[in-house]
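Q: Before I ask anything, let me first share the structure, which is written out below as structure tokens.
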Amino acid sequence: MSFYVVRVAVPVPLRRSFDYLPTEGSQRSDWQAGQRVRVQFGQQLLTAIVLSTETDTDVPEKKLKPLLERLDNEPVLSAEQLQLGQWLSRYYHHSIGEVLELMLPALLRKGSSLDEALEDGWQRRPHEQEPSLRGSQQQALWACFQQQPKWAHKALTSQGFGAAQMRRLEELGLIEATRTLPVPELETELREALPLNSEQQKALDALLPLLGSFKPALLEGVTGSGKTEVYLQLIAAALERGEQVMVLVPEIGLTPQTVQRFRERFSVPIVSVHSGLNDRERLQAWSLCRNGTARILIGTRSAVFTPMPELGLIVLDEEHDGSFKQQDGVRYSARDFALVRAQKASVPVLLGSATPALETLHNALSGRYLHLKLTQRAGNARPPGMKLHSILHQPLTFGLAQPVLANIQKHVEAGRQVLIFINRRGYAPLFACPDCGWLAECQHCDARMTLHQSPLRLHCHHCDHQHGVPAFCPKCHSDKVTALGQGTERLAEDLAVLFPYIPITRVDRDTARTRNAFEELLEQVHEPGPRILIGTQMLAKGHHFPAVTMVVILDADAGLFSADFRGMEHTAQLVLQVAGRAGRAEHPGEVWIQTLYADHPQLNLLINDGYHALAQTLLKERLHQQLPPHGYMAILRAESPQKHLAEQLLHQARGFLQQISTPIQVSDGPAPLVLVGPFPAIMERRAGRFRQQLQLFSPERGGLHSKLDPLIDYLQSLKGFHQVRWHLDIDPTDTI
Ligand code: ADP
Ligand code: ZN
Ligand code: ZN
């Protein structure tokens, strides 16, 4: 028997593959790329993925260790997934082992069998002639098996069939016990597609011919313009072609209402993947997509990796949303990856947003993406009127200006809902001593502790550190220590005093801690009658509040002067998103933005001329400064418990990059690699670690990426930096 090794991807940070000897008694033909194996790696036992078998290896024969066990007979990762994994690994300069691990559901990562997804069930047996069944229930049950040969026991009982009826069919030899994947139930009453308005129709007509080939499209439509209806009708066409469809939504956009809208429209199995699923349910959803049973997948960021052998369309809603970018581990963008995946599969991608990211808009404006627009609200809803309300030198009551309060009163007295957006949870952002100026600060971060009332505590929102609330100032022992400023909790308390008869619903991460709690709050909001809604971003995204006729934005100013070059873009997106909650039904809405900077030119541009006008201006600025999307960017971040070490590491990195980038300068052309830093993060110390960053810019993607592998090799070869954690962030969305 000739010598060979099995090359595997091990989930460790090292950016390379590892060779092992095959297990005792195995044939070379037993090994297929995409199978899982158990390996001993140092002291750990890990689940690795087979990449190939090879006849030569760099590892000396004596050092080669045998694989412990092969976990799969068939690959769990398809050739396509392995290729996509290679792309991710190359593009994000990340270990192939960790990348492939990302593509597997947790149970498979831990080494469980694919069979863990199966549940007790029944399957139809071959039979010669139609059985004669007594009783309508028996017949109804048998009809289920005509429709679909395998059923999970649970799915049948939830339709009202009893175990006795199933056993009866078994006795008749019609069905037998089996293990099966639970197929999601279908909605019995379907809704018709809406007749499209002319803009929607034009968009759909342009999108339909894209099915069957790779082409990205941007559907830019104001909130409530009926983008979802266009998605639904395009999806219908893809299903009709026998294709599977992937729908990606932001983290907080995946509510039962969203899923219900799909289920009511299509009589096909739909799975949704969200944070409320346990590991087994995730494996089931993954398996149902992988074997083609599920025809539509609705999920958040990581759902983009779900195998769909008959994928025909990817829809990514609210494509500008920050949650599509993963901010730890493999720092991938699900939007960018969706494009790569669609290209490999030769299928279209539809990106939808009222406020597209400038990167996406740039691609649409330059013709790389098909650019479709919906400018009118669908149905008879009117767009909200927006105005900036200056609070400069104005007295405020509980953070609200008099005219704003008067207007809130008018709306609730008319029986309508008012939504107040304040992006600060907790009771108060500061807890301070008026006598000596002491402020409660986090001992682990350069940050203030937020005061919370229920339960009473001081809480750092950056590292989660919590402690009790002192009754006396720890510095001067004054008993006048007090809350300063306003968060959602305090605003709700204050408004309850002002409007004692109006129900108030507060939606933030404290009140909507679980999915169920969130759903209950959303249900409250759908009760008739006046109501004041107070909320953070959670309330701003993706939900329909038809009765809201006034929106107040309390603190948009913070983003106007952000050190992040995307600060204004993000502020504009948020403002419009919040504003979009108003007047979605027949009542027109109004949006009041309280600001200290009522003459801020870009804010005015946004209010008066809309997002597109602002975006054009911002794109010009970016061009001028060679910032994305007019250039490429990566950040090398480092953090350490000692202030100087992280900075030192980045200085070395900078020196190395300068050394390897002696540019062939084209006359007057832009510099191939621009380095900025190292400099400290805005909040330098977080969770006890000092954070520094080095920013890399280049007008060319290739020029930038070619430096990164040598850089990583260099960093890994450095001695004396064990205490420093570092990582590369490609196309970072968070730059402060
Ligand atoms: P978006 O996704 O752009 O925010 P939606 O698709 O959710 O917009 O549509 C907003 C509202 O308008 C929904 O209540 C939807 O049912 C309704 N709507 C959408 N398209 C039409 C149409 N062609 N005719 C009537 N109502 C429509
Ligand atoms: Zn004091
Ligand atoms: Zn902290």
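Residues are referred to by chain and number: the chain letter is A, B, ... according to the order shown in the structure tokens, the number counts from 1 in that chain, and ligands are numbered separately from 1 in the order shown.
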Dump the neighbourhood of ligand 1 as an MDAnalysis selection string: all residues within 9 Å, distances computed on only C-alpha atoms and all ligand atoms.

A: chainID A and resid 193:198 200:201 220:232 317 352:354 374 377:381 542:544 546 580 584:585

Q: Could those residues be written to a file, using N, CA and C atoms, as an mmCIF file, in the first residue's frame?

A:
```cif
data_model
loop_
_atom_site.group_PDB
_atom_site.id
_atom_site.type_symbol
_atom_site.label_atom_id
_atom_site.label_comp_id
_atom_site.auth_asym_id
_atom_site.auth_seq_id
_atom_site.Cartn_x
_atom_site.Cartn_y
_atom_site.Cartn_z
ATOM 1 N N ALA A 193 -51.020 37.711 -4.252
ATOM 2 C CA ALA A 193 -50.067 38.790 -4.498
ATOM 3 C C ALA A 193 -50.847 40.082 -4.718
ATOM 4 N N LEU A 194 -50.256 41.225 -4.285
ATOM 5 C CA LEU A 194 -50.938 42.506 -4.487
ATOM 6 C C LEU A 194 -50.722 42.963 -5.929
ATOM 7 N N PRO A 195 -51.705 43.637 -6.509
ATOM 8 C CA PRO A 195 -51.433 44.239 -7.822
ATOM 9 C C PRO A 195 -50.369 45.329 -7.641
ATOM 10 N N LEU A 196 -49.310 45.270 -8.416
ATOM 11 C CA LEU A 196 -48.195 46.194 -8.212
ATOM 12 C C LEU A 196 -48.532 47.574 -8.768
ATOM 13 N N ASN A 197 -47.971 48.603 -8.134
ATOM 14 C CA ASN A 197 -48.079 49.922 -8.756
ATOM 15 C C ASN A 197 -47.037 50.006 -9.872
ATOM 16 N N SER A 198 -47.026 51.105 -10.612
ATOM 17 C CA SER A 198 -46.237 51.091 -11.848
ATOM 18 C C SER A 198 -44.729 51.019 -11.565
ATOM 19 N N GLN A 200 -43.309 49.569 -8.952
ATOM 20 C CA GLN A 200 -43.021 48.184 -8.529
ATOM 21 C C GLN A 200 -42.984 47.265 -9.750
ATOM 22 N N GLN A 201 -43.944 47.471 -10.643
ATOM 23 C CA GLN A 201 -44.026 46.626 -11.827
ATOM 24 C C GLN A 201 -42.775 46.788 -12.686
ATOM 25 N N GLU A 220 -33.668 50.446 -4.523
ATOM 26 C CA GLU A 220 -33.613 51.568 -3.593
ATOM 27 C C GLU A 220 -35.019 52.122 -3.471
ATOM 28 N N GLY A 221 -35.622 51.937 -2.323
ATOM 29 C CA GLY A 221 -37.010 52.378 -2.188
ATOM 30 C C GLY A 221 -37.263 52.922 -0.809
ATOM 31 N N VAL A 222 -37.901 54.071 -0.728
ATOM 32 C CA VAL A 222 -38.179 54.672 0.570
ATOM 33 C C VAL A 222 -38.976 53.674 1.409
ATOM 34 N N THR A 223 -38.919 53.850 2.724
ATOM 35 C CA THR A 223 -39.625 52.946 3.628
ATOM 36 C C THR A 223 -41.110 52.927 3.270
ATOM 37 N N GLY A 224 -41.662 51.752 3.167
ATOM 38 C CA GLY A 224 -43.080 51.641 2.857
ATOM 39 C C GLY A 224 -43.396 51.737 1.372
ATOM 40 N N SER A 225 -42.348 51.717 0.542
ATOM 41 C CA SER A 225 -42.599 51.849 -0.898
ATOM 42 C C SER A 225 -42.969 50.507 -1.526
ATOM 43 N N GLY A 226 -42.959 49.455 -0.736
ATOM 44 C CA GLY A 226 -43.387 48.166 -1.266
ATOM 45 C C GLY A 226 -42.251 47.327 -1.822
ATOM 46 N N LYS A 227 -41.055 47.470 -1.235
ATOM 47 C CA LYS A 227 -39.927 46.628 -1.666
ATOM 48 C C LYS A 227 -40.235 45.157 -1.405
ATOM 49 N N THR A 228 -40.768 44.898 -0.204
ATOM 50 C CA THR A 228 -41.028 43.509 0.156
ATOM 51 C C THR A 228 -41.978 42.845 -0.843
ATOM 52 N N GLU A 229 -42.952 43.593 -1.312
ATOM 53 C CA GLU A 229 -43.881 43.034 -2.288
ATOM 54 C C GLU A 229 -43.138 42.662 -3.580
ATOM 55 N N VAL A 230 -42.161 43.467 -3.949
ATOM 56 C CA VAL A 230 -41.356 43.147 -5.140
ATOM 57 C C VAL A 230 -40.521 41.887 -4.877
ATOM 58 N N TYR A 231 -39.920 41.809 -3.674
ATOM 59 C CA TYR A 231 -39.162 40.588 -3.343
ATOM 60 C C TYR A 231 -40.068 39.373 -3.506
ATOM 61 N N LEU A 232 -41.270 39.479 -2.915
ATOM 62 C CA LEU A 232 -42.163 38.325 -2.879
ATOM 63 C C LEU A 232 -42.513 37.851 -4.290
ATOM 64 N N ASP A 317 -32.223 42.142 2.539
ATOM 65 C CA ASP A 317 -33.022 43.320 2.855
ATOM 66 C C ASP A 317 -32.265 44.221 3.827
ATOM 67 N N GLY A 352 -31.796 45.328 -1.079
ATOM 68 C CA GLY A 352 -32.852 46.318 -0.913
ATOM 69 C C GLY A 352 -32.558 47.248 0.240
ATOM 70 N N SER A 353 -32.880 48.521 0.073
ATOM 71 C CA SER A 353 -32.696 49.470 1.160
ATOM 72 C C SER A 353 -33.363 50.798 0.821
ATOM 73 N N ALA A 354 -33.763 51.517 1.865
ATOM 74 C CA ALA A 354 -34.220 52.893 1.666
ATOM 75 C C ALA A 354 -33.008 53.815 1.659
ATOM 76 N N LEU A 374 -37.862 52.859 -6.094
ATOM 77 C CA LEU A 374 -39.264 53.065 -5.742
ATOM 78 C C LEU A 374 -39.312 54.385 -4.973
ATOM 79 N N ARG A 377 -44.551 55.906 -1.705
ATOM 80 C CA ARG A 377 -45.056 54.888 -0.787
ATOM 81 C C ARG A 377 -46.147 54.084 -1.483
ATOM 82 N N ALA A 378 -46.164 52.799 -1.187
ATOM 83 C CA ALA A 378 -47.168 51.933 -1.810
ATOM 84 C C ALA A 378 -48.528 52.188 -1.169
ATOM 85 N N GLY A 379 -49.574 51.719 -1.788
ATOM 86 C CA GLY A 379 -50.903 51.907 -1.234
ATOM 87 C C GLY A 379 -51.200 53.391 -1.126
ATOM 88 N N ASN A 380 -51.884 53.798 -0.052
ATOM 89 C CA ASN A 380 -52.242 55.217 0.026
ATOM 90 C C ASN A 380 -51.510 55.956 1.146
ATOM 91 N N ALA A 381 -50.426 55.366 1.653
ATOM 92 C CA ALA A 381 -49.688 56.034 2.718
ATOM 93 C C ALA A 381 -48.912 57.224 2.157
ATOM 94 N N GLY A 542 -37.328 47.894 10.615
ATOM 95 C CA GLY A 542 -38.090 46.839 9.977
ATOM 96 C C GLY A 542 -39.504 46.573 10.460
ATOM 97 N N HIS A 543 -39.954 47.264 11.498
ATOM 98 C CA HIS A 543 -41.290 46.939 11.987
ATOM 99 C C HIS A 543 -42.301 47.951 11.499
ATOM 100 N N HIS A 544 -43.501 47.479 11.331
ATOM 101 C CA HIS A 544 -44.583 48.352 10.895
ATOM 102 C C HIS A 544 -45.356 48.826 12.109
ATOM 103 N N PRO A 546 -48.400 50.982 12.177
ATOM 104 C CA PRO A 546 -49.320 51.756 11.346
ATOM 105 C C PRO A 546 -49.957 52.935 12.078
ATOM 106 N N GLY A 580 -39.122 56.573 9.014
ATOM 107 C CA GLY A 580 -39.954 55.691 8.199
ATOM 108 C C GLY A 580 -41.035 54.964 8.980
ATOM 109 N N ARG A 584 -47.367 55.151 8.261
ATOM 110 C CA ARG A 584 -47.314 54.074 7.279
ATOM 111 C C ARG A 584 -48.707 53.702 6.793
ATOM 112 N N ALA A 585 -49.710 53.989 7.577
ATOM 113 C CA ALA A 585 -51.070 53.688 7.119
ATOM 114 C C ALA A 585 -51.675 54.944 6.494
#
```

Q: Using only C-alpha atoms and all ligand atoms, which protein or nucleic acid residues are at most 8 Å from ligand 3, as a list in words?

A: Cys442, Gln443, His444, Cys445, Asp446, Ala447, Arg448, Met449, His459, Cys460, His461, His462, Cys463, Asp464, His465, Arg686, Ala687 and Gly688 of chain A

Q: For A:Ser132, please output as a PDB file with C-alpha atoms, in the first residue's frame all residues within 12 Å (counting only C-alpha atoms; exclusion window: fewer than 6 positions along the same chain).

A:
```
ATOM      1  CA  GLN A 138     -58.125   8.139   9.095  1.00  0.00           C
ATOM      2  CA  GLN A 139     -58.670   9.302   5.552  1.00  0.00           C
ATOM      3  CA  TRP A 142     -53.701   8.991   4.915  1.00  0.00           C
ATOM      4  CA  LEU A 169     -52.330   2.862   9.577  1.00  0.00           C
ATOM      5  CA  LEU A 172     -52.800  -1.860   7.942  1.00  0.00           C
ATOM      6  CA  LEU A 174     -49.626   1.529   5.042  1.00  0.00           C
TER       7      LEU A 174
END
```

Q: Quick one: residues within 12 Å of A:Ala563, only C-alpha atoms counted, chain neighbours fewer than 3 positions away excluded, as a PyMOL selection string?

A: chain A and resi 558-560+566-568+681-683+734-736

Q: Please, could you write that set of residues out with N, CA, C and O atoms as a short mmCIF file (atom, residue, chain, number, x, y, z; two decimals), in the first residue's frame?

A:
```
data_model
loop_
_atom_site.label_atom_id
_atom_site.label_comp_id
_atom_site.auth_asym_id
_atom_site.auth_seq_id
_atom_site.Cartn_x
_atom_site.Cartn_y
_atom_site.Cartn_z
N ALA A 558 -25.11 63.17 18.06
CA ALA A 558 -23.85 62.48 18.37
C ALA A 558 -23.12 62.05 17.11
O ALA A 558 -21.90 62.18 17.01
N GLY A 559 -23.87 61.54 16.12
CA GLY A 559 -23.24 61.02 14.92
C GLY A 559 -22.73 62.09 13.96
O GLY A 559 -21.98 61.80 13.03
N LEU A 560 -23.15 63.35 14.18
CA LEU A 560 -22.79 64.39 13.21
C LEU A 560 -21.30 64.71 13.24
O LEU A 560 -20.74 65.17 12.26
N ARG A 566 -17.70 57.27 8.42
CA ARG A 566 -19.06 56.91 8.01
C ARG A 566 -20.12 57.50 8.95
O ARG A 566 -21.30 57.19 8.84
N GLY A 567 -19.68 58.37 9.89
CA GLY A 567 -20.60 58.89 10.90
C GLY A 567 -21.85 59.51 10.30
O GLY A 567 -22.98 59.20 10.69
N MET A 568 -21.66 60.40 9.32
CA MET A 568 -22.81 61.09 8.73
C MET A 568 -23.69 60.11 7.95
O MET A 568 -24.92 60.19 8.01
N ALA A 681 -7.66 53.67 19.94
CA ALA A 681 -9.10 53.68 19.68
C ALA A 681 -9.72 54.80 20.49
O ALA A 681 -9.15 55.23 21.49
N ILE A 682 -10.89 55.28 20.06
CA ILE A 682 -11.55 56.38 20.78
C ILE A 682 -11.71 56.02 22.25
O ILE A 682 -11.42 56.81 23.13
N MET A 683 -12.17 54.82 22.50
CA MET A 683 -12.18 54.36 23.88
C MET A 683 -10.96 53.46 24.01
O MET A 683 -11.01 52.28 23.68
N ASP A 734 -16.34 49.55 11.18
CA ASP A 734 -16.19 50.31 12.41
C ASP A 734 -14.74 50.78 12.43
O ASP A 734 -13.82 49.98 12.52
N THR A 735 -14.53 52.09 12.30
CA THR A 735 -13.15 52.56 12.10
C THR A 735 -12.67 53.42 13.26
O THR A 735 -11.68 54.13 13.14
N ILE A 736 -13.40 53.41 14.37
CA ILE A 736 -12.89 54.16 15.51
C ILE A 736 -12.56 53.20 16.60
O ILE A 736 -12.39 52.98 17.49
#
```

Q: Within 7 Å of ligand 2, which residues show up when you count only C-alpha atoms and all ligand atoms? List them as an MDAnalysis selection string, please.

A: chainID A and resid 433:438 473:478

Q: What separation in Å, quoted to one decimal, exists between atom CA of A:Leu358 and atom CA of A:Leu254?

A: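 Computed distance, atom CA of A:Leu358 to atom CA of A:Leu254, equals 24.1 Å.
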
Q: I need the residues of stretch 556-709 of chain A that end up classed as strand (DSSP E) by DSSP on the backbone, written out as a PyMOL selection string.

A: chain A and resi 590-595+632-640+674-686+689-698

Q: Can you spit out the residues from that selection as a compact mmCIF listing (two decimals), in the first residue's frame, using N, CA, C and O atoms?

A:
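Okay, this is what ended up in out.txt:
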```txt
# COMPACT_ATOMS: atom_id res chain seq x y z
N GLU A 590 -45.57 62.96 11.01
CA GLU A 590 -44.58 64.04 11.07
C GLU A 590 -43.42 63.61 11.94
O GLU A 590 -43.58 62.87 12.90
N VAL A 591 -42.24 64.08 11.55
CA VAL A 591 -41.03 63.69 12.24
C VAL A 591 -40.33 64.93 12.75
O VAL A 591 -40.06 65.86 11.98
N TRP A 592 -40.07 64.97 14.03
CA TRP A 592 -39.37 66.10 14.64
C TRP A 592 -37.98 65.61 15.06
O TRP A 592 -37.86 64.64 15.81
N ILE A 593 -36.98 66.33 14.59
CA ILE A 593 -35.62 65.98 15.00
C ILE A 593 -35.10 67.09 15.89
O ILE A 593 -34.87 68.20 15.42
N GLN A 594 -34.94 66.83 17.17
CA GLN A 594 -34.38 67.84 18.08
C GLN A 594 -32.88 67.89 17.87
O GLN A 594 -32.20 66.86 17.89
N THR A 595 -32.36 69.09 17.68
CA THR A 595 -30.92 69.19 17.44
C THR A 595 -30.37 70.52 17.94
O THR A 595 -31.08 71.53 17.99
N TYR A 632 -9.58 51.20 -0.91
CA TYR A 632 -9.77 50.02 -0.08
C TYR A 632 -9.08 50.23 1.25
O TYR A 632 -8.11 50.97 1.36
N MET A 633 -9.59 49.53 2.23
CA MET A 633 -9.12 49.78 3.58
C MET A 633 -9.04 48.49 4.38
O MET A 633 -9.82 47.58 4.18
N ALA A 634 -8.04 48.44 5.25
CA ALA A 634 -7.96 47.37 6.24
C ALA A 634 -7.47 48.01 7.53
O ALA A 634 -6.82 49.07 7.49
N ILE A 635 -7.81 47.41 8.64
CA ILE A 635 -7.29 47.90 9.92
C ILE A 635 -6.58 46.75 10.63
O ILE A 635 -7.12 45.64 10.69
N LEU A 636 -5.40 47.05 11.10
CA LEU A 636 -4.73 46.10 11.99
C LEU A 636 -4.96 46.61 13.40
O LEU A 636 -4.54 47.73 13.73
N ARG A 637 -5.67 45.84 14.20
CA ARG A 637 -5.94 46.26 15.58
C ARG A 637 -5.12 45.41 16.54
O ARG A 637 -4.93 44.22 16.30
N ALA A 638 -4.68 46.04 17.60
CA ALA A 638 -3.95 45.28 18.62
C ALA A 638 -4.41 45.76 19.98
O ALA A 638 -4.76 46.93 20.15
N GLU A 639 -4.44 44.85 20.93
CA GLU A 639 -4.79 45.26 22.29
C GLU A 639 -4.01 44.43 23.29
O GLU A 639 -3.67 43.27 23.04
N SER A 640 -3.68 45.08 24.40
CA SER A 640 -2.91 44.38 25.42
C SER A 640 -3.18 45.01 26.78
O SER A 640 -3.60 46.15 26.86
N VAL A 674 -1.18 53.74 1.87
CA VAL A 674 -1.08 54.82 2.84
C VAL A 674 -1.32 54.22 4.22
O VAL A 674 -2.28 53.48 4.42
N LEU A 675 -0.42 54.54 5.15
CA LEU A 675 -0.55 54.01 6.51
C LEU A 675 -0.90 55.15 7.45
O LEU A 675 -0.29 56.21 7.40
N VAL A 676 -1.90 54.94 8.27
CA VAL A 676 -2.28 55.94 9.26
C VAL A 676 -2.23 55.28 10.64
O VAL A 676 -2.89 54.28 10.88
N GLY A 677 -1.43 55.87 11.51
CA GLY A 677 -1.32 55.31 12.86
C GLY A 677 0.07 54.74 13.10
O GLY A 677 0.96 55.00 12.30
N PRO A 678 0.24 54.00 14.15
CA PRO A 678 -0.80 53.58 15.11
C PRO A 678 -1.34 54.72 15.97
O PRO A 678 -0.60 55.65 16.28
N PHE A 679 -2.63 54.62 16.27
CA PHE A 679 -3.22 55.56 17.21
C PHE A 679 -4.24 54.81 18.06
O PHE A 679 -4.74 53.76 17.66
N PRO A 680 -4.54 55.37 19.24
CA PRO A 680 -5.46 54.65 20.14
C PRO A 680 -6.89 54.69 19.64
O PRO A 680 -7.29 55.65 18.98
N ALA A 681 -7.66 53.67 19.94
CA ALA A 681 -9.10 53.68 19.68
C ALA A 681 -9.72 54.80 20.49
O ALA A 681 -9.15 55.23 21.49
N ILE A 682 -10.89 55.28 20.06
CA ILE A 682 -11.55 56.38 20.78
C ILE A 682 -11.71 56.02 22.25
O ILE A 682 -11.42 56.81 23.13
N MET A 683 -12.17 54.82 22.50
CA MET A 683 -12.18 54.36 23.88
C MET A 683 -10.96 53.46 24.01
O MET A 683 -11.01 52.28 23.68
N GLU A 684 -9.87 54.03 24.48
CA GLU A 684 -8.62 53.28 24.41
C GLU A 684 -8.65 52.03 25.28
O GLU A 684 -8.23 50.96 24.85
N ARG A 685 -9.17 52.16 26.49
CA ARG A 685 -9.15 51.00 27.36
C ARG A 685 -10.55 50.39 27.43
O ARG A 685 -11.53 51.08 27.72
N ARG A 686 -10.65 49.14 27.11
CA ARG A 686 -11.94 48.45 27.23
C ARG A 686 -11.71 47.08 27.82
O ARG A 686 -10.82 46.36 27.38
N ARG A 689 -8.16 46.22 28.61
CA ARG A 689 -7.12 46.13 27.59
C ARG A 689 -7.02 47.45 26.83
O ARG A 689 -8.02 48.08 26.53
N PHE A 690 -5.76 47.81 26.52
CA PHE A 690 -5.53 49.04 25.77
C PHE A 690 -5.56 48.73 24.28
O PHE A 690 -4.90 47.79 23.83
N ARG A 691 -6.30 49.54 23.54
CA ARG A 691 -6.55 49.21 22.14
C ARG A 691 -5.96 50.25 21.21
O ARG A 691 -6.15 51.45 21.37
N GLN A 692 -5.23 49.75 20.23
CA GLN A 692 -4.57 50.61 19.26
C GLN A 692 -4.90 50.13 17.87
O GLN A 692 -5.23 48.96 17.67
N GLN A 693 -4.79 51.02 16.90
CA GLN A 693 -5.00 50.55 15.53
C GLN A 693 -4.07 51.21 14.52
O GLN A 693 -3.59 52.32 14.71
N LEU A 694 -3.83 50.46 13.45
CA LEU A 694 -3.06 50.96 12.31
C LEU A 694 -3.96 50.80 11.09
O LEU A 694 -4.44 49.70 10.80
N GLN A 695 -4.21 51.92 10.41
CA GLN A 695 -5.11 51.85 9.26
C GLN A 695 -4.31 51.79 7.96
O GLN A 695 -3.32 52.49 7.80
N LEU A 696 -4.75 50.94 7.05
CA LEU A 696 -4.09 50.77 5.76
C LEU A 696 -5.07 51.16 4.66
O LEU A 696 -6.20 50.66 4.63
N PHE A 697 -4.65 52.04 3.76
CA PHE A 697 -5.49 52.45 2.65
C PHE A 697 -4.76 52.21 1.34
O PHE A 697 -3.54 52.37 1.27
N SER A 698 -5.52 51.85 0.32
CA SER A 698 -4.92 51.75 -0.99
C SER A 698 -5.98 51.99 -2.05
O SER A 698 -7.13 51.59 -1.87
```

Q: What residues in stretch 474-611 of chain A get the DSSP label helix (DSSP H, G or I)? Please answer as a VMD selection string.

A: chain A and resid 488 to 498 515 to 525 537 to 540 557 to 561 567 to 579 601 to 609 611

Q: Excluding stretch 49-63 of chain A and its own-chain neighbours fewer than 4 positions away, which residues fall within 9 Å of it when counting only C-alpha atoms? Please give them as a PyMOL selection string.

A: chain A and resi 2-11+17-19+28+31-38+75+77+82+97+100-101

Q: Determine the nearest neighbour of A:Asp557 from the options A:Ser717, A:Ser390, A:Asn608, A:Ser333, counting only C-alpha atoms.

A: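 Looking only at the distances to A:Asp557, the closest residue turns out to be A:Ser390.
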
Q: Quick one: residues within 9 Å of A:Val404, only C-alpha atoms counted, chain neighbours fewer than 2 positions away excluded, as a PyMOL selection string?

A: chain A and resi 389+400-402+406-409+552+592+594

Q: Please provide as an NGL selection string all residues within 12 Å of A:Arg335, with the sequence filter that same-chain residues fewer than 2 positions apart are discarded (counting only C-alpha atoms).

A: :A and (216 or 247-250 or 300-305 or 314-326 or 332-333 or 337-342 or 349-352 or 356-357 or 359-360 or 731)

Q: The selected residues should be written to file as a PDB file, in the first residue's frame (atoms: C-alpha atoms).

A:
```pdb
ATOM      1  CA  PRO A 216     -26.495  42.124  -8.555  1.00  0.00           C
ATOM      2  CA  VAL A 247     -33.563  35.830   2.206  1.00  0.00           C
ATOM      3  CA  LEU A 248     -31.187  37.635   4.555  1.00  0.00           C
ATOM      4  CA  VAL A 249     -32.411  40.229   7.013  1.00  0.00           C
ATOM      5  CA  PRO A 250     -30.748  42.285   9.769  1.00  0.00           C
ATOM      6  CA  THR A 300     -29.654  36.668   9.639  1.00  0.00           C
ATOM      7  CA  ARG A 301     -25.943  37.108   8.854  1.00  0.00           C
ATOM      8  CA  SER A 302     -24.604  33.609   9.306  1.00  0.00           C
ATOM      9  CA  ALA A 303     -27.464  32.038   7.330  1.00  0.00           C
ATOM     10  CA  VAL A 304     -25.528  33.140   4.241  1.00  0.00           C
ATOM     11  CA  PHE A 305     -23.423  29.976   4.646  1.00  0.00           C
ATOM     12  CA  ILE A 314     -30.498  35.766  -2.828  1.00  0.00           C
ATOM     13  CA  VAL A 315     -32.436  38.694  -1.392  1.00  0.00           C
ATOM     14  CA  LEU A 316     -30.705  40.844   1.196  1.00  0.00           C
ATOM     15  CA  ASP A 317     -33.022  43.320   2.855  1.00  0.00           C
ATOM     16  CA  GLU A 318     -31.793  46.512   4.561  1.00  0.00           C
ATOM     17  CA  GLU A 319     -28.466  45.853   2.921  1.00  0.00           C
ATOM     18  CA  HIS A 320     -26.841  48.862   4.633  1.00  0.00           C
ATOM     19  CA  ASP A 321     -27.440  47.388   8.067  1.00  0.00           C
ATOM     20  CA  GLY A 322     -24.375  47.054  10.256  1.00  0.00           C
ATOM     21  CA  SER A 323     -25.354  43.612  11.523  1.00  0.00           C
ATOM     22  CA  PHE A 324     -24.386  42.026   8.192  1.00  0.00           C
ATOM     23  CA  LYS A 325     -20.745  42.544   9.174  1.00  0.00           C
ATOM     24  CA  GLN A 326     -19.336  40.201  11.784  1.00  0.00           C
ATOM     25  CA  TYR A 332     -16.771  38.844   7.147  1.00  0.00           C
ATOM     26  CA  SER A 333     -19.465  40.873   5.472  1.00  0.00           C
ATOM     27  CA  PHE A 337     -20.035  37.182   0.677  1.00  0.00           C
ATOM     28  CA  ALA A 338     -23.577  36.851  -0.710  1.00  0.00           C
ATOM     29  CA  LEU A 339     -22.319  38.462  -3.921  1.00  0.00           C
ATOM     30  CA  VAL A 340     -19.438  36.034  -4.187  1.00  0.00           C
ATOM     31  CA  ARG A 341     -21.714  33.123  -3.477  1.00  0.00           C
ATOM     32  CA  ALA A 342     -24.259  34.281  -6.057  1.00  0.00           C
ATOM     33  CA  VAL A 349     -28.648  39.015  -5.772  1.00  0.00           C
ATOM     34  CA  LEU A 350     -31.218  41.607  -4.898  1.00  0.00           C
ATOM     35  CA  LEU A 351     -30.078  44.187  -2.353  1.00  0.00           C
ATOM     36  CA  GLY A 352     -32.852  46.318  -0.913  1.00  0.00           C
ATOM     37  CA  PRO A 356     -28.149  52.068   0.616  1.00  0.00           C
ATOM     38  CA  ALA A 357     -24.608  51.935   1.921  1.00  0.00           C
ATOM     39  CA  GLU A 359     -20.411  51.220  -1.281  1.00  0.00           C
ATOM     40  CA  THR A 360     -23.557  49.728  -2.772  1.00  0.00           C
ATOM     41  CA  ASP A 731     -13.218  46.411   4.669  1.00  0.00           C
TER      42      ASP A 731
END
```

Q: Work out how far apart atom CA of A:Leu208 and atom CA of A:Ala237 are and give it in Å to one decimal.

A: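 Here the two named atoms are 7.4 Å from each other.
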
Q: Using only C-alpha atoms, pick whichever of A:Glu310, A:Arg90, A:Leu495, A:Leu618 has the shortest atom-to-atom distance to A:Pro601.

A: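 Distance minimum relative to A:Pro601 lands on A:Leu618.
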